[in-house]
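Peer 1: The structure under discussion is supplied below as structure tokens; questions concerning it will follow.
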Amino acid sequence: MSKVYDYLVIGAGPAGMSAAIEASNAGLRVLVLDQAASAGGQIYRNLCQVRGSQEKILGPDYVAGKPLLAQFMAANCDYQPLAQVWHMEVHEKGFLVAALVGGVAITFITSHLLLANGAMERPMAIAGCHKPGVMTAGAGQILLKSSALIPKDVVLAGSGPLLLLLAQQYCAAGVTITALLDTTPKSNYWYSMPWLVAGLTTPRQLFKGVWLTLVQRIKLPYISDISHIEIVGDSQVSGVRYTVAGKEHHLSCNLVMLHQGLIPQTQMAQLLGCPLEWNDAKQCCQAQVGVAGETSISGLQVAGDAGAIGGAYLAQLEGKIAGIARVHSTEKMPSWGMRLTHRWQRFRVKQQHWARGLVDRL
Ligand SMILES: Cc1cc2nc3c(=O)[nH]c(=O)nc-3n(C[C@H](O)[C@H](O)[C@H](O)COP(=O)(O)OP(=O)(O)OC[C@H]3O[C@@H](n4cnc5c(N)ncnc54)[C@H](O)[C@@H]3O)c2cc1C
């Protein structure tokens, strides 16, 4: 027999946790399913276990998730970790969601469903990327957060904030970064200036990005304006070949981590028939989502990076708004809920400016 819920949330990241806190505080029967072993999502992965020197390595933005995590763990909702959602469909009572929990297939019924299943890394399909010794930067960071596993040395290649953040965390952990190969064309920096200035009114994220870039440029063998990057090796990686200013270079290494930004995980929304749209600034497809996470499918919401890439702050805000909207319905939002919605809209517009500056013309 499937247990019936008022609100089923897929994903215990900043978006899913915030939504679940709001809905369960209002007395709804809430279930949160997440495939990870503990709550926190990508940014706060394994936060409940990490201590001491590992906290220092992962940095202040990681530890900043503790209050949200504590609030979520104290909330009166059912939370099922290690639950891999593999199917969902529209049902007479709302939605049917199927998950694999401890090797057992379980179905859940819910009147309302929130997809807060986050982002994935944009595939970086360069020649040789299938060879043993090539991973994504996100996978490298997952090993660092969940098991404190680090390589001895590594070449990082691509672009985007996660690559810079991993470089910083690896440096703090004592990893030798043989080179950081930045694929961002130089012309993009000039092109981005007007958009970045337009986003300056909320400078925290922007300054963090600029600061990370500058620090890595000083600390590391940082090689910019890379093109024609290719992984070299027969049965496994033996090096990287790349071009700078028309000249070909070769670097010996046996581990390369690639990254080219994040894109929303839209498969669940697509499965339920939610229409997608093209985001030109972020160069990806995303679900069509309203201000409170609502979609064209009745009872279905999407929040956080699963809807549009915005980072942890925006994901948390969107989750909160989605939870409030579930409790009050979007039309009857309380005034404080409306204020949050306006804050979200202002922030989204600025983000769109940064995104134009950062990823257009790649
Ligand atoms: C690999 C990776 C590492 C990142 N690291 C950082 C970082 O260090 N700092 C930073 O600022 N940003 C990081 N980000 C960006 C990050 O996505 C956002 O900052 C923020 O975590 C988004 O919050 P969210 O709640 O929308 O989604 P997420 O935090 O991504 O949470 C989504 C949750 O959904 C769960 N999930 C997904 N699919 C399923 C399924 N089929 N069944 C059950 N559960 C599922 C996941 O386990 C996850 O816990 C990272 C992104 C990725 C992809």
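Chain labels A, B, ... are given in the sequence in which chains occur in the structure tokens; within each chain residues are numbered consecutively from 1, and ligands are likewise numbered from 1 in the order shown.
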So that I can check the secondary structure, give me every residue of range 110-339 of chain A assigned helix (DSSP H, G or I) by backbone DSSP, as a VMD selection string.

Peer 2: chain A and resid 137 to 147 161 to 173 186 to 198 204 to 219 267 to 271 304 to 306 312 to 328 330 to 332 335 to 339

Peer 1: Around ligand 1, which protein and nucleic acid residues have at least one atom no more than 6 Å from it, if we count only C-alpha atoms and all ligand atoms? List them as a PDB file with N, CA, C and O atoms, in the first residue's frame.

Peer 2:
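The resulting result-v3.pdb:
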```
ATOM      1  N   ILE A  10      11.252  16.044  -4.195  1.00  0.00           N
ATOM      2  CA  ILE A  10      12.398  15.238  -4.652  1.00  0.00           C
ATOM      3  C   ILE A  10      13.641  16.108  -4.588  1.00  0.00           C
ATOM      4  O   ILE A  10      13.758  17.109  -5.303  1.00  0.00           O
ATOM      5  N   GLY A  11      14.559  15.742  -3.701  1.00  0.00           N
ATOM      6  CA  GLY A  11      15.809  16.495  -3.534  1.00  0.00           C
ATOM      7  C   GLY A  11      15.874  17.181  -2.184  1.00  0.00           C
ATOM      8  O   GLY A  11      14.986  17.967  -1.836  1.00  0.00           O
ATOM      9  N   ALA A  12      16.933  16.870  -1.420  1.00  0.00           N
ATOM     10  CA  ALA A  12      17.124  17.518  -0.110  1.00  0.00           C
ATOM     11  C   ALA A  12      18.301  18.479  -0.176  1.00  0.00           C
ATOM     12  O   ALA A  12      19.163  18.506   0.692  1.00  0.00           O
ATOM     13  N   GLY A  13      18.338  19.280  -1.255  1.00  0.00           N
ATOM     14  CA  GLY A  13      19.313  20.367  -1.356  1.00  0.00           C
ATOM     15  C   GLY A  13      18.698  21.626  -0.763  1.00  0.00           C
ATOM     16  O   GLY A  13      17.619  21.565  -0.148  1.00  0.00           O
ATOM     17  N   PRO A  14      19.347  22.794  -0.943  1.00  0.00           N
ATOM     18  CA  PRO A  14      18.792  24.042  -0.385  1.00  0.00           C
ATOM     19  C   PRO A  14      17.338  24.280  -0.785  1.00  0.00           C
ATOM     20  O   PRO A  14      16.525  24.679   0.054  1.00  0.00           O
ATOM     21  N   ALA A  15      16.970  23.996  -2.048  1.00  0.00           N
ATOM     22  CA  ALA A  15      15.590  24.249  -2.501  1.00  0.00           C
ATOM     23  C   ALA A  15      14.612  23.289  -1.827  1.00  0.00           C
ATOM     24  O   ALA A  15      13.609  23.725  -1.246  1.00  0.00           O
ATOM     25  N   GLY A  16      14.905  21.994  -1.889  1.00  0.00           N
ATOM     26  CA  GLY A  16      13.991  20.997  -1.330  1.00  0.00           C
ATOM     27  C   GLY A  16      13.851  21.137   0.179  1.00  0.00           C
ATOM     28  O   GLY A  16      12.741  21.030   0.725  1.00  0.00           O
ATOM     29  N   LEU A  33      12.392  12.836  -0.616  1.00  0.00           N
ATOM     30  CA  LEU A  33      13.198  11.704  -1.098  1.00  0.00           C
ATOM     31  C   LEU A  33      14.503  12.234  -1.664  1.00  0.00           C
ATOM     32  O   LEU A  33      14.496  13.208  -2.424  1.00  0.00           O
ATOM     33  N   ASP A  34      15.608  11.612  -1.306  1.00  0.00           N
ATOM     34  CA  ASP A  34      16.896  12.030  -1.879  1.00  0.00           C
ATOM     35  C   ASP A  34      17.800  10.812  -2.023  1.00  0.00           C
ATOM     36  O   ASP A  34      17.874   9.970  -1.135  1.00  0.00           O
ATOM     37  N   GLN A  35      18.517  10.777  -3.133  1.00  0.00           N
ATOM     38  CA  GLN A  35      19.371   9.603  -3.385  1.00  0.00           C
ATOM     39  C   GLN A  35      20.667   9.625  -2.573  1.00  0.00           C
ATOM     40  O   GLN A  35      21.324   8.591  -2.426  1.00  0.00           O
ATOM     41  N   ALA A  36      21.018  10.782  -2.028  1.00  0.00           N
ATOM     42  CA  ALA A  36      22.264  10.866  -1.252  1.00  0.00           C
ATOM     43  C   ALA A  36      22.068  10.265   0.143  1.00  0.00           C
ATOM     44  O   ALA A  36      20.941  10.098   0.603  1.00  0.00           O
ATOM     45  N   GLY A  41      22.187  18.365  -0.412  1.00  0.00           N
ATOM     46  CA  GLY A  41      22.309  18.620  -1.853  1.00  0.00           C
ATOM     47  C   GLY A  41      23.761  18.696  -2.273  1.00  0.00           C
ATOM     48  O   GLY A  41      24.656  18.227  -1.557  1.00  0.00           O
ATOM     49  N   GLN A  42      24.005  19.289  -3.431  1.00  0.00           N
ATOM     50  CA  GLN A  42      25.375  19.337  -3.967  1.00  0.00           C
ATOM     51  C   GLN A  42      26.263  20.242  -3.121  1.00  0.00           C
ATOM     52  O   GLN A  42      27.372  19.867  -2.766  1.00  0.00           O
ATOM     53  N   ILE A  43      25.779  21.435  -2.828  1.00  0.00           N
ATOM     54  CA  ILE A  43      26.664  22.390  -2.122  1.00  0.00           C
ATOM     55  C   ILE A  43      26.979  21.914  -0.704  1.00  0.00           C
ATOM     56  O   ILE A  43      28.118  22.001  -0.270  1.00  0.00           O
ATOM     57  N   ALA A  83      17.262   7.190  -1.447  1.00  0.00           N
ATOM     58  CA  ALA A  83      16.049   6.847  -2.207  1.00  0.00           C
ATOM     59  C   ALA A  83      16.202   7.401  -3.617  1.00  0.00           C
ATOM     60  O   ALA A  83      16.151   8.615  -3.815  1.00  0.00           O
ATOM     61  N   GLN A  84      16.434   6.523  -4.547  1.00  0.00           N
ATOM     62  CA  GLN A  84      16.641   6.948  -5.937  1.00  0.00           C
ATOM     63  C   GLN A  84      15.317   6.935  -6.683  1.00  0.00           C
ATOM     64  O   GLN A  84      14.749   5.868  -6.934  1.00  0.00           O
ATOM     65  N   VAL A  85      14.827   8.105  -7.035  1.00  0.00           N
ATOM     66  CA  VAL A  85      13.563   8.200  -7.787  1.00  0.00           C
ATOM     67  C   VAL A  85      13.841   7.799  -9.229  1.00  0.00           C
ATOM     68  O   VAL A  85      14.762   8.331  -9.857  1.00  0.00           O
ATOM     69  N   TRP A  86      13.078   6.846  -9.739  1.00  0.00           N
ATOM     70  CA  TRP A  86      13.341   6.382 -11.111  1.00  0.00           C
ATOM     71  C   TRP A  86      12.124   6.516 -12.016  1.00  0.00           C
ATOM     72  O   TRP A  86      12.230   6.338 -13.222  1.00  0.00           O
ATOM     73  N   ALA A 116      12.960  19.245  -6.959  1.00  0.00           N
ATOM     74  CA  ALA A 116      14.091  20.083  -6.521  1.00  0.00           C
ATOM     75  C   ALA A 116      15.350  19.235  -6.643  1.00  0.00           C
ATOM     76  O   ALA A 116      16.156  19.131  -5.724  1.00  0.00           O
ATOM     77  N   ASN A 117      15.467  18.578  -7.804  1.00  0.00           N
ATOM     78  CA  ASN A 117      16.527  17.582  -7.998  1.00  0.00           C
ATOM     79  C   ASN A 117      17.817  18.159  -8.579  1.00  0.00           C
ATOM     80  O   ASN A 117      18.716  17.411  -8.946  1.00  0.00           O
ATOM     81  N   GLY A 118      17.902  19.490  -8.682  1.00  0.00           N
ATOM     82  CA  GLY A 118      19.187  20.139  -8.941  1.00  0.00           C
ATOM     83  C   GLY A 118      19.701  20.087 -10.373  1.00  0.00           C
ATOM     84  O   GLY A 118      18.948  19.869 -11.328  1.00  0.00           O
ATOM     85  N   ALA A 119      21.022  20.254 -10.467  1.00  0.00           N
ATOM     86  CA  ALA A 119      21.674  20.423 -11.767  1.00  0.00           C
ATOM     87  C   ALA A 119      22.594  19.249 -12.066  1.00  0.00           C
ATOM     88  O   ALA A 119      22.863  18.403 -11.220  1.00  0.00           O
ATOM     89  N   MET A 120      23.063  19.208 -13.300  1.00  0.00           N
ATOM     90  CA  MET A 120      24.150  18.277 -13.664  1.00  0.00           C
ATOM     91  C   MET A 120      25.222  19.087 -14.396  1.00  0.00           C
ATOM     92  O   MET A 120      24.957  20.229 -14.809  1.00  0.00           O
ATOM     93  N   GLU A 121      26.404  18.519 -14.523  1.00  0.00           N
ATOM     94  CA  GLU A 121      27.446  19.246 -15.243  1.00  0.00           C
ATOM     95  C   GLU A 121      27.192  19.162 -16.739  1.00  0.00           C
ATOM     96  O   GLU A 121      26.789  18.104 -17.246  1.00  0.00           O
ATOM     97  N   GLY A 138      33.028  18.093 -10.952  1.00  0.00           N
ATOM     98  CA  GLY A 138      31.978  17.825  -9.952  1.00  0.00           C
ATOM     99  C   GLY A 138      32.202  16.481  -9.275  1.00  0.00           C
ATOM    100  O   GLY A 138      32.036  16.349  -8.058  1.00  0.00           O
ATOM    101  N   ALA A 139      32.591  15.477 -10.065  1.00  0.00           N
ATOM    102  CA  ALA A 139      32.849  14.146  -9.490  1.00  0.00           C
ATOM    103  C   ALA A 139      34.033  14.223  -8.520  1.00  0.00           C
ATOM    104  O   ALA A 139      34.015  13.607  -7.452  1.00  0.00           O
ATOM    105  N   GLY A 304      14.755  25.699  -7.569  1.00  0.00           N
ATOM    106  CA  GLY A 304      16.210  25.573  -7.467  1.00  0.00           C
ATOM    107  C   GLY A 304      16.841  25.324  -8.828  1.00  0.00           C
ATOM    108  O   GLY A 304      16.258  25.626  -9.874  1.00  0.00           O
ATOM    109  N   ASP A 305      18.026  24.723  -8.798  1.00  0.00           N
ATOM    110  CA  ASP A 305      18.773  24.497 -10.036  1.00  0.00           C
ATOM    111  C   ASP A 305      18.036  23.582 -11.016  1.00  0.00           C
ATOM    112  O   ASP A 305      18.335  23.583 -12.211  1.00  0.00           O
ATOM    113  N   ALA A 306      17.097  22.786 -10.532  1.00  0.00           N
ATOM    114  CA  ALA A 306      16.307  21.925 -11.433  1.00  0.00           C
ATOM    115  C   ALA A 306      15.481  22.772 -12.396  1.00  0.00           C
ATOM    116  O   ALA A 306      15.173  22.339 -13.506  1.00  0.00           O
ATOM    117  N   GLY A 311      22.377  28.939  -8.310  1.00  0.00           N
ATOM    118  CA  GLY A 311      23.224  28.842  -7.119  1.00  0.00           C
ATOM    119  C   GLY A 311      22.398  28.635  -5.864  1.00  0.00           C
ATOM    120  O   GLY A 311      21.158  28.666  -5.885  1.00  0.00           O
ATOM    121  N   ALA A 312      23.112  28.446  -4.757  1.00  0.00           N
ATOM    122  CA  ALA A 312      22.479  28.001  -3.518  1.00  0.00           C
ATOM    123  C   ALA A 312      21.530  29.036  -2.919  1.00  0.00           C
ATOM    124  O   ALA A 312      20.449  28.690  -2.430  1.00  0.00           O
ATOM    125  N   ALA A 315      18.375  29.077  -4.887  1.00  0.00           N
ATOM    126  CA  ALA A 315      17.678  27.793  -4.726  1.00  0.00           C
ATOM    127  C   ALA A 315      16.910  27.771  -3.405  1.00  0.00           C
ATOM    128  O   ALA A 315      15.755  27.354  -3.344  1.00  0.00           O
TER     129      ALA A 315
END
```

Peer 1: Would you list the contacts of Pro221 in chain A as a tab-separated table (two decimals) with C-alpha atoms, in the first residue's frame, taking every protein, DNA or RNA residue within 10 Å and counting only C-alpha atoms, but skipping same-chain residues closer than 4 positions in sequence?

Peer 2:
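Written out: part_6.tsv:
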```tsv
chain	number	residue	atom	x	y	z
A	155	VAL	CA	45.04	19.08	-14.54
A	177	ILE	CA	47.44	21.40	-9.66
A	178	THR	CA	49.73	20.86	-12.63
A	179	ALA	CA	47.76	23.43	-14.64
A	180	LEU	CA	44.38	25.12	-14.82
A	181	LEU	CA	43.50	25.33	-18.52
A	216	GLN	CA	43.91	31.15	-8.91
A	217	ARG	CA	45.72	33.17	-11.58
```

Peer 1: So that I can check the surroundings of range 71-76 of chain A, please list as a ChimeraX atom specification every protein, DNA and RNA residue that reaches within 10 Å of it, counting only C-alpha atoms and ignoring chain neighbours fewer than 2 positions away.

Peer 2: /A:12,14,16-31,39-40,66-69,78-79

Peer 1: Can you work out the spacing between CA of Leu317 in chain A and CA of Gly293 in chain A in Å, to one decimal?

Peer 2: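 These two atoms are separated by 10.9 Å.
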
Peer 1: I need the residues in range 110-260 of chain A that are strand (DSSP E or B) according to DSSP; give them as an MDAnalysis selection string.

Peer 2: chainID A and resid 110 113:115 119:121 134:136 153:159 176:182 222:223 226:232 239:244 247:252 256:260

Peer 1: Which residues, written as a list of chain:residue names, have at least one atom at most 10 Å from Gly246 in chain A, with only C-alpha atoms counted and residues fewer than 5 positions away on the same chain left out?

Peer 2: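 Answer for this query is A:Ile226, A:Ser227, A:His228.
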
Peer 1: Just give me the gap between CA of Ala137 in chain A and CA of Gln288 in chain A in Å, one decimal is fine.

Peer 2: 28.4 Å

Peer 1: Calculated over only C-alpha atoms, which of the candidates A:His250, A:His112, A:Lys208, A:Arg51 has the smallest distance to Gly233 in chain A?

Peer 2: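 Of the candidates, the smallest distance to Gly233 in chain A is held by A:His250.
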
Peer 1: Hey, which of A:Ala325, A:Ile109, A:Val302, A:Cys48 ends up closest to Pro264 in chain A? Count only C-alpha atoms.

Peer 2: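 Of A:Ala325, A:Ile109, A:Val302, A:Cys48, the one nearest Pro264 in chain A, counting only C-alpha atoms, is A:Val302.
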
Peer 1: Which is closer to Ser224 in chain A than all the others in A:Lys186, A:Lys3, A:Arg241, A:His249, using only C-alpha atoms?

Peer 2: A:Lys186

Peer 1: With only C-alpha atoms as the atoms that count, which of A:Ser329, A:Thr266, A:Gln301, A:Thr136 lies nearest to Ala287 in chain A?

Peer 2: A:Thr266

Peer 1: Show which residues sit within 10 Å of Asp182 in chain A, as JSON, numbers by chain. Count only C-alpha atoms, and ignore same-chain residues fewer than 2 positions away.

Peer 2: {"A": [156, 157, 158, 159, 160, 163, 164, 179, 180, 184, 185, 186, 222, 223, 224, 225, 226, 227, 259, 260]}

Peer 1: Might you pull out every residue within 12 Å of Gly59 in chain A, with only C-alpha atoms counted and same-chain residues fewer than 3 positions away left off, and present them as a list in words?

Peer 2: Ile43, Tyr44, Leu47, Val50, Arg51, Gly52, Ser53, Gln54, Glu55, Lys56, Tyr62, Val63, Ala64, Gly65, Lys145, Leu165, Leu166, Gln168, Gln169, Tyr170, Cys171, Ala172 and Ala173 of chain A
